[in-house]
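These notes concern the structure reproduced below.
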Amino acid sequence: MTNSSAAAINAAGTTAGTADKYDGLNGYKGPRAVRWDAGGTAVTELDSLGTDANGYTISTTSAINAGGTIVGRAQKYNEA
């Protein structure tokens, strides 16, 4: 099961949100910040600050402005 949610939409219809990511083996890789373009159905995963050794990370969105810039939060993983 994959969950996704919208956090904000701008006047152009671009939506910022979060979607769960799984690998090909159904391994959960964490929530990812995503964008849906107006008039489209495909989701675009936004860049992250890196993952842990298992490919897990957390990034979410909270707002989008008229120019399409999205803000939110992300975890950064450092090598030990």
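Here, A, B, ... name the chains of the structure tokens in the order displayed, residue numbers run from 1 inside each chain, and ligands are numbered from 1 in the same displayed order.
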Handout entry: Distance query range 50-61 of chain A at most 6 Å, only C-alpha atoms, self and fewer than 2 positions along chain excluded, as a PyMOL selection string
Key = chain A and resi 17-18+29-33+48+71-75+77
Practice task
Point out the residue among A:Ala42, A:Gly27, A:Asn78, A:Arg35 with the least atom-to-atom distance to Ala8 in chain A, counting only C-alpha atoms.
Solution key: A:Arg35
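When CA of Asn26 in chain A is paired with CA of Gly39 in chain A, their separation reads 29.0 Å.
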Practice task
Skip Ala66 in chain A itself and residues of its chain fewer than 5 positions away, then list as number ranges by chain all residues within 9 Å of it, counting only C-alpha atoms.
Solution key: A: 10-12
Write out the residues from the selection above, keeping N, CA, C and O atoms, as a short mmCIF file (atom, residue, chain, number, x, y, z; two decimals), in the first residue's frame.
data_model
loop_
_atom_site.label_atom_id
_atom_site.label_comp_id
_atom_site.auth_asym_id
_atom_site.auth_seq_id
_atom_site.Cartn_x
_atom_site.Cartn_y
_atom_site.Cartn_z
N ASN A 10 -0.53 25.81 -5.79
CA ASN A 10 -0.44 27.21 -6.16
C ASN A 10 -1.49 27.55 -7.23
O ASN A 10 -2.24 26.68 -7.68
N ALA A 11 -1.56 28.82 -7.64
CA ALA A 11 -2.58 29.27 -8.59
C ALA A 11 -2.45 28.60 -9.95
O ALA A 11 -3.43 28.49 -10.68
N ALA A 12 -1.26 28.13 -10.30
CA ALA A 12 -1.04 27.46 -11.59
C ALA A 12 -1.49 26.00 -11.54
O ALA A 12 -1.51 25.33 -12.56
#
Exercise for the section: Rounded to one decimal place, report the CA of Gly13 in chain A-CA of Tyr28 in chain A distance in Å. Expected result: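 Between CA of Gly13 in chain A and CA of Tyr28 in chain A the gap works out to 29.3 Å.
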Exercise for the section: Could you tell me how far CA of Ser62 in chain A lies from CA of Ala19 in chain A, in Å and to one decimal? Expected result: 13.0 Å
Exercise for the section: Determine, counting only C-alpha atoms, which protein, DNA and RNA residues have an atom within 9 Å of an atom of Ile9 in chain A; residues of the same chain fewer than 6 positions away are not included. Present the result as a ChimeraX atom specification. Expected result: /A:15-17,63-65
Output for the residues just chosen: N, CA and C atoms as a compact mmCIF listing (two decimals), in the first residue's frame:
# COMPACT_ATOMS: atom_id res chain seq x y z
N THR A 15 0.98 21.08 -7.44
CA THR A 15 0.72 20.62 -6.08
C THR A 15 1.99 20.05 -5.46
N ALA A 16 2.24 20.39 -4.21
CA ALA A 16 3.36 19.85 -3.45
C ALA A 16 2.80 18.90 -2.40
N GLY A 17 3.48 17.79 -2.19
CA GLY A 17 3.00 16.83 -1.21
C GLY A 17 4.05 15.83 -0.82
N ALA A 63 4.78 23.93 1.65
CA ALA A 63 4.23 25.08 0.93
C ALA A 63 4.83 25.15 -0.47
N ILE A 64 4.13 25.88 -1.36
CA ILE A 64 4.62 26.15 -2.71
C ILE A 64 4.22 27.59 -3.06
N ASN A 65 5.12 28.32 -3.71
CA ASN A 65 4.78 29.69 -4.07
C ASN A 65 4.32 29.77 -5.53
Practice task
Output as a VMD selection string all residues of chain A that backbone DSSP marks as strand (DSSP E).
Solution key: chain A and resid 4 to 9 15 to 22 28 to 36 43 to 45 59 to 64 70 to 74
